[in-house]
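Coordinates from target-v2.cif are shown below (mmCIF, C-alpha atoms).
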data_model
#
loop_
_atom_site.label_atom_id
_atom_site.label_comp_id
_atom_site.auth_asym_id
_atom_site.auth_seq_id
_atom_site.Cartn_x
_atom_site.Cartn_y
_atom_site.Cartn_z
CA MET P 1 0.00 0.00 0.00
CA GLN P 2 1.31 3.42 -0.91
CA PHE P 3 0.24 6.73 0.48
CA PRO P 4 0.42 9.60 -1.90
CA PRO P 5 2.73 12.35 -0.74
CA SER P 6 1.14 15.61 0.28
CA ASN P 7 3.96 17.97 -0.77
CA GLY P 8 6.04 15.94 -3.24
CA ASP P 9 8.99 15.57 -0.90
CA PHE P 10 8.08 12.36 0.91
CA THR P 11 7.22 8.84 -0.25
CA PHE P 12 5.60 6.44 2.17
CA VAL P 13 5.23 2.71 1.64
CA SER P 14 3.55 0.17 3.87
CA SER P 15 5.94 -2.02 5.81
CA THR P 16 3.83 -5.06 5.06
CA GLU P 17 4.24 -4.69 1.31
CA ALA P 18 7.85 -3.64 1.17
CA GLU P 19 10.92 -5.51 2.12
CA GLU P 20 12.81 -2.40 2.92
CA LEU P 21 11.72 0.96 4.23
CA SER P 22 13.54 3.76 2.59
CA GLY P 23 12.98 7.40 2.01
CA THR P 24 14.64 10.74 1.63
CA ILE P 25 14.06 14.05 3.32
CA SER P 26 15.22 17.17 1.60
CA ALA P 27 14.99 20.54 3.24
CA PRO P 28 16.63 23.88 2.63
CA ASP P 29 19.63 24.79 4.76
CA VAL P 30 18.68 26.43 8.00
CA LYS P 31 21.01 29.04 9.39
CA LEU P 32 20.60 30.49 12.86
CA ASN P 33 21.95 33.93 13.35
CA ILE P 34 22.00 35.19 16.90
CA GLY P 35 23.78 38.41 16.17
CA LEU P 36 22.39 41.85 15.57
CA ASP P 37 21.93 42.97 12.00
CA GLY P 38 21.10 46.55 12.83
CA GLY P 39 17.70 46.38 11.16
CA ARG P 40 15.46 43.52 12.16
CA ASP P 41 16.34 40.96 14.86
CA PRO P 42 16.11 37.31 13.86
CA TYR P 43 13.64 35.02 15.51
CA ALA P 44 16.05 33.47 18.01
CA THR P 45 17.20 36.86 19.23
CA THR P 46 13.63 38.07 19.64
CA PHE P 47 12.69 34.84 21.42
CA LEU P 48 15.50 35.18 23.97
CA ARG P 49 14.82 38.83 24.60
CA GLN P 50 11.10 38.32 25.12
CA ARG P 51 11.84 35.80 27.84
CA GLY P 52 14.43 37.90 29.62
CA TYR P 53 17.53 36.12 28.32
CA GLY P 54 18.83 38.98 26.23
CA TRP P 55 21.94 39.13 28.37
CA LEU P 56 23.08 35.91 26.72
CA LEU P 57 23.52 37.84 23.49
CA GLU P 58 25.77 40.48 25.00
CA VAL P 59 29.39 40.27 23.95
CA GLU P 60 32.06 41.75 26.19
CA GLU P 61 34.47 43.94 24.33
CA ASP P 62 38.13 43.55 25.09
CA ASP P 63 39.60 46.43 27.03
CA ASN P 64 42.50 47.50 24.91
CA GLU P 65 43.46 50.38 27.15
CA GLU P 66 46.91 49.98 28.56
CA SER P 67 47.18 49.97 32.33
CA LYS P 68 48.42 53.25 33.72
CA PRO P 69 51.69 53.45 35.64
CA LEU P 70 51.44 53.15 39.41
CA LEU P 71 52.55 56.74 40.03
CA GLU P 72 49.86 58.00 37.67
CA GLU P 73 47.23 55.82 39.33
CA LEU P 74 48.17 57.28 42.72
CA ASP P 75 48.30 60.81 41.29
CA ILE P 76 51.98 61.27 42.17
CA ASP P 77 53.90 63.79 40.06
CA LEU P 78 57.57 63.58 41.02
CA LYS P 79 58.52 66.63 38.95
CA ASP P 80 55.84 68.71 40.63
CA ILE P 81 56.95 67.53 44.08
CA TYR P 82 60.59 68.34 43.26
CA TYR P 83 59.64 71.84 42.11
CA LYS P 84 57.66 72.47 45.29
CA VAL P 85 60.60 71.29 47.40
CA ARG P 86 62.82 73.88 45.72
CA CYS P 87 60.19 76.58 46.25
CA VAL P 88 60.12 75.84 49.98
CA LEU P 89 63.87 75.54 50.46
CA MET P 90 64.53 78.74 48.49
CA PRO P 91 61.71 81.11 49.44
CA MET P 92 63.41 84.29 48.23
CA PRO P 93 61.30 86.01 45.54
CA SER P 94 64.45 87.11 43.70
CA LEU P 95 65.12 83.50 42.64
CA GLY P 96 62.16 83.59 40.27
CA TYR P 97 60.28 80.51 41.49
CA ASN P 98 56.51 80.50 41.24
CA ARG P 99 56.05 79.70 44.90
CA GLN P 100 52.27 80.08 44.79
CA VAL P 101 52.08 76.67 43.11
CA VAL P 102 52.71 75.11 46.54
CA ARG P 103 49.50 76.69 47.80
CA ASP P 104 47.36 76.79 44.65
CA ASN P 105 48.11 73.23 43.53
CA PRO P 106 48.17 71.19 46.75
CA ASP P 107 49.02 67.52 46.83
CA PHE P 108 49.08 64.92 49.59
CA TRP P 109 51.97 62.56 48.84
CA GLY P 110 54.71 65.20 48.81
CA PRO P 111 53.94 66.65 52.26
CA LEU P 112 53.38 63.16 53.63
CA ALA P 113 56.82 62.09 52.39
CA VAL P 114 58.40 65.15 54.03
CA VAL P 115 56.62 64.52 57.34
CA LEU P 116 57.61 60.84 57.27
CA LEU P 117 61.21 61.79 56.54
CA PHE P 118 61.22 64.21 59.47
CA SER P 119 59.66 61.48 61.60
CA MET P 120 62.35 58.98 60.59
CA ILE P 121 65.03 61.47 61.58
CA SER P 122 63.31 62.01 64.91
CA ILE P 123 62.98 58.34 65.91
CA TYR P 124 66.56 58.22 67.22
CA GLY P 125 65.89 56.99 70.73
CA GLN P 126 62.23 58.05 70.66
CA PHE P 127 60.31 55.81 68.27
CA ARG P 128 56.86 56.78 69.57
CA VAL P 129 57.44 60.33 68.32
CA VAL P 130 56.66 59.23 64.74
CA SER P 131 52.91 58.85 65.17
CA TRP P 132 52.82 61.97 67.30
CA ILE P 133 54.53 64.06 64.58
CA ILE P 134 51.97 62.93 62.00
CA THR P 135 49.17 63.74 64.46
CA ILE P 136 50.58 67.22 65.10
CA TRP P 137 50.91 67.79 61.35
CA ILE P 138 47.25 66.91 60.72
CA PHE P 139 45.69 68.70 63.68
CA GLY P 140 48.17 71.58 63.67
CA SER P 141 47.28 72.24 60.03
CA LEU P 142 43.61 72.05 60.97
CA THR P 143 44.15 74.69 63.66
CA ILE P 144 45.95 77.00 61.23
CA PHE P 145 43.20 76.44 58.66
CA LEU P 146 40.40 77.31 61.11
CA LEU P 147 42.28 80.38 62.31
CA ALA P 148 42.92 81.52 58.74
CA ARG P 149 39.24 81.16 57.84
CA VAL P 150 38.17 83.07 60.95
CA LEU P 151 40.54 85.88 59.98
CA GLY P 152 39.03 86.04 56.49
CA GLY P 153 41.56 83.99 54.51
CA GLU P 154 40.54 82.13 51.36
CA VAL P 155 42.43 78.87 51.87
CA SER P 156 41.36 75.23 51.97
CA TYR P 157 42.43 72.59 54.45
CA GLY P 158 44.27 70.72 51.70
CA GLN P 159 46.32 73.83 50.91
CA VAL P 160 47.26 74.37 54.55
CA LEU P 161 48.10 70.69 55.01
CA GLY P 162 50.40 70.75 51.98
CA VAL P 163 52.17 74.00 52.87
CA ILE P 164 52.74 73.03 56.51
CA GLY P 165 54.06 69.63 55.44
CA TYR P 166 56.44 70.94 52.78
CA SER P 167 57.72 73.66 55.09
CA LEU P 168 59.18 71.04 57.41
CA LEU P 169 62.04 70.72 54.90
CA PRO P 170 64.19 73.45 56.54
CA LEU P 171 64.09 71.53 59.82
CA ILE P 172 65.23 68.40 57.96
CA VAL P 173 68.10 70.37 56.44
CA ILE P 174 69.41 71.65 59.79
CA ALA P 175 69.00 68.27 61.52
CA PRO P 176 72.43 66.92 60.40
CA LEU P 177 74.06 70.22 61.43
CA LEU P 178 72.67 69.89 64.93
CA LEU P 179 74.35 66.50 65.23
CA VAL P 180 77.70 68.06 64.34
CA ILE P 181 77.50 71.27 66.38
CA GLY P 182 75.53 69.82 69.27
CA GLY P 183 78.43 70.40 71.63
CA PHE P 184 78.44 74.16 70.94
CA GLU P 185 75.40 75.44 72.77
CA VAL P 186 75.33 78.98 71.36
CA ILE P 187 75.86 77.91 67.75
CA SER P 188 73.36 75.10 68.15
CA THR P 189 70.73 77.52 69.49
CA LEU P 190 71.32 79.94 66.60
CA CYS P 191 71.01 77.07 64.13
CA LYS P 192 67.72 76.00 65.66
CA LEU P 193 66.34 79.55 65.52
CA PHE P 194 67.46 79.87 61.92
CA GLY P 195 65.71 76.61 60.98
CA VAL P 196 62.49 77.60 62.73
CA PHE P 197 62.47 81.07 61.12
CA TRP P 198 63.23 79.51 57.74
CA ALA P 199 60.36 77.02 58.03
CA ALA P 200 57.91 79.57 59.44
CA TYR P 201 58.77 82.11 56.74
CA SER P 202 58.28 79.54 53.97
CA ALA P 203 54.86 78.59 55.31
CA ALA P 204 53.69 82.07 56.29
CA SER P 205 54.70 83.67 52.98
CA LEU P 206 52.43 81.18 51.21
CA LEU P 207 49.50 81.14 53.62
CA VAL P 208 49.38 84.73 54.80
CA GLY P 209 48.14 86.71 51.81
CA GLU P 210 47.15 90.32 51.34
CA GLU P 211 43.59 89.55 52.41
CA PHE P 212 44.76 89.45 56.05
CA LYS P 213 46.09 93.04 55.95
CA THR P 214 46.73 94.06 59.58
CA LYS P 215 45.86 90.57 60.89
CA LYS P 216 49.01 88.91 59.55
CA PRO P 217 50.75 88.59 62.96
CA LEU P 218 47.72 86.69 64.28
CA LEU P 219 48.44 83.90 61.79
CA ILE P 220 52.23 84.11 61.58
CA TYR P 221 52.66 83.67 65.34
CA PRO P 222 50.87 80.27 65.63
CA ILE P 223 52.75 79.03 62.54
CA PHE P 224 56.01 79.99 64.25
CA LEU P 225 54.96 78.18 67.45
CA LEU P 226 53.99 75.09 65.46
CA TYR P 227 57.47 74.75 63.99
CA ILE P 228 59.09 75.36 67.35
CA TYR P 229 57.08 72.40 68.64
CA PHE P 230 58.10 70.29 65.64
CA LEU P 231 61.75 71.05 66.35
CA SER P 232 61.30 70.20 70.03
CA LEU P 233 60.03 66.77 69.00
CA TYR P 234 63.29 66.24 67.14
CA THR P 235 65.65 67.58 69.78
CA GLY P 236 63.67 66.19 72.72
CA VAL P 237 63.76 69.58 74.44
#

Represent the structure of the file as structure tokens.
Amino acid sequence: MQFPPSNGDFTFVSSTEAEELSGTISAPDVKLNIGLDGGRDPYATTFLRQRGYGWLLEVEEDDNEESKPLLEELDIDLKDIYYKVRCVLMPMPSLGYNRQVVRDNPDFWGPLAVVLLFSMISIYGQFRVVSWIITIWIFGSLTIFLLARVLGGEVSYGQVLGVIGYSLLPLIVIAPLLLVIGGFEVISTLCKLFGVFWAAYSAASLLVGEEFKTKKPLLIYPIFLLYIYFLSLYTGV
């Protein structure tokens, strides 16, 4: 018994009348495209999206951006720090340095390095001074900042923190001299005063602007006392 095909593609024969069952199936090639063609989405894409599985079609793009250097990631500019160090160590206007960059472009890592260096110098026989020096730097700068704002100054805490930290450099410079001339009391005292005046002048010339007018001594004096205290932490006196 034979059954006539319905579409011309299939031929069916009864298994009782045929020794062998054979047949062929021909169908056009089926291609499944899951990508996006910019115009109309194919059926499979639409099916997945309708059922909330559209995330399966997302393709992660490779990040070809090169990793930044560590110093750049941490926002550390060694050239800028070196320039600020020179501005603090040589505060004379006649030298032509743009010293306002220390105040107008504050950074954190440079002052922190200076404070840590001063702390390392000061740990000779008094290791616990290190944390105390960092504490005095942070809260001493906060005191100067609050006083400057009360007096009408236009400075930020970051600017004060940076200037106070960088201005510790003169005390670091005179530290080796104090080890050499420590036996000469008069010369040692003069060297200490010179270092304190040097540090205080570097900081005050950057923080005490024209907006203070007649109130400048009210801000210069606590800055001077702050560096005297810093030096006392080093000398132990």

By how many Å are CA of Glu73 (chain P) and CA of Val114 (chain P) apart?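 Here the two named atoms are 20.7 Å from each other.
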
Counting all atoms listed in the file, what are the residues of region 153-230 of chain P within 12 Å of region 77-81 of chain P, and for each of them which pair of atoms is the nearest and at what distance in Å, to one decimal? Sort the table by chain and rising number, as a tab-separated table.
residue	atom	partner	partner_atom	distance
P:Gly162	CA	P:Ile81	CA	10.8
P:Val163	CA	P:Ile81	CA	11.9
P:Gly165	CA	P:Ile81	CA	11.9
P:Tyr166	CA	P:Ile81	CA	9.4

Would you output that residue set with C-alpha atoms, as a JSON list (two decimals), in the coordinates of the input?
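Result went into part_18.json, see below:
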[["chain", "number", "residue", "atom", "x", "y", "z"],
["P", 162, "GLY", "CA", 50.40, 70.75, 51.98],
["P", 163, "VAL", "CA", 52.17, 74.00, 52.87],
["P", 165, "GLY", "CA", 54.06, 69.63, 55.44],
["P", 166, "TYR", "CA", 56.44, 70.94, 52.78]]

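The gap separating CA of Ser205 (chain P) from CA of Asn98 (chain P) is 12.3 Å, in Å to one decimal.
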
Can you tell me, as a ChimeraX atom specification, what residues are no more than 12 Å from Met90 (chain P) when counting only C-alpha atoms, ignoring any on the same chain fewer than 6 positions away? /P:83-84,96-99,167,169-170,198-199,201-203,205

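Residue nearest Leu146 (chain P) within the list P:Pro69, P:Pro111, P:Pro222, P:Pro91: P:Pro222 [criterion: smallest interatomic distance, all atoms listed in the file].
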
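Restricting the calculation to only C-alpha atoms, the smallest distance between Leu231 (chain P) and any of P:Lys68, P:Lys216, P:Lys192, P:Arg149 is found for P:Lys192.
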
Who sits within 10 Å of Phe118 (chain P), all atoms listed in the file, same chain under 2 positions skipped, as a PDB file with C-alpha atoms, keeping the file's coordinate frame:
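Dumped everything to part30.pdb:
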ATOM      1  CA  LEU P 112      53.380  63.160  53.630  1.00  0.00           C
ATOM      2  CA  ALA P 113      56.820  62.090  52.390  1.00  0.00           C
ATOM      3  CA  VAL P 114      58.400  65.150  54.030  1.00  0.00           C
ATOM      4  CA  VAL P 115      56.620  64.520  57.340  1.00  0.00           C
ATOM      5  CA  LEU P 116      57.610  60.840  57.270  1.00  0.00           C
ATOM      6  CA  MET P 120      62.350  58.980  60.590  1.00  0.00           C
ATOM      7  CA  ILE P 121      65.030  61.470  61.580  1.00  0.00           C
ATOM      8  CA  SER P 122      63.310  62.010  64.910  1.00  0.00           C
ATOM      9  CA  ILE P 123      62.980  58.340  65.910  1.00  0.00           C
ATOM     10  CA  VAL P 130      56.660  59.230  64.740  1.00  0.00           C
ATOM     11  CA  ILE P 133      54.530  64.060  64.580  1.00  0.00           C
ATOM     12  CA  ILE P 134      51.970  62.930  62.000  1.00  0.00           C
ATOM     13  CA  GLY P 165      54.060  69.630  55.440  1.00  0.00           C
ATOM     14  CA  LEU P 168      59.180  71.040  57.410  1.00  0.00           C
ATOM     15  CA  LEU P 169      62.040  70.720  54.900  1.00  0.00           C
ATOM     16  CA  LEU P 171      64.090  71.530  59.820  1.00  0.00           C
ATOM     17  CA  ILE P 172      65.230  68.400  57.960  1.00  0.00           C
ATOM     18  CA  VAL P 173      68.100  70.370  56.440  1.00  0.00           C
ATOM     19  CA  ALA P 175      69.000  68.270  61.520  1.00  0.00           C
ATOM     20  CA  PHE P 230      58.100  70.290  65.640  1.00  0.00           C
ATOM     21  CA  LEU P 231      61.750  71.050  66.350  1.00  0.00           C
ATOM     22  CA  LEU P 233      60.030  66.770  69.000  1.00  0.00           C
ATOM     23  CA  TYR P 234      63.290  66.240  67.140  1.00  0.00           C
TER      24      TYR P 234
END

CA of Trp109 (chain P) sits from CA of Ile76 (chain P) at a separation of 6.8 Å

Selected residue, from P:Leu147, P:Ile174, P:Val129, P:Val88, that lies nearest to Ala200 (chain P) when counting only C-alpha atoms: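 Between P:Leu147, P:Ile174, P:Val129, P:Val88, the residue approaching Ala200 (chain P) most closely is P:Val88.
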
Please put the answer as JSON: centre and edge lengths, in Å with one decimal, of a box along x, y and z that encloses all listed atoms of region 179-187 of chain P plus 3 Å on each side.
{"center_x": 76.4, "center_y": 72.7, "center_z": 68.6, "size_x": 10.1, "size_y": 18.5, "size_z": 14.4}

Given all atoms listed in the file as the basis, pick out the residue of P:Ala204, P:Ser131, P:Ser141, P:Pro93 nearest to Pro217 (chain P).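 Using all atoms listed in the file, the shortest distance to Pro217 (chain P) belongs to P:Ala204.
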
Resolved residues for the PyMOL selection byres ((chain P and resi 159) around 9) as a ChimeraX atom specification: /P:102-107,145,155-158,160-164,207

Compare P:Leu179, P:Cys87, P:Leu218, P:Ala44 by their minimum atom-to-atom distance to Ile144 (chain P), counting all atoms listed in the file, and give me the closest one.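 Residue with the minimum atom-to-atom distance to Ile144 (chain P): P:Leu218.
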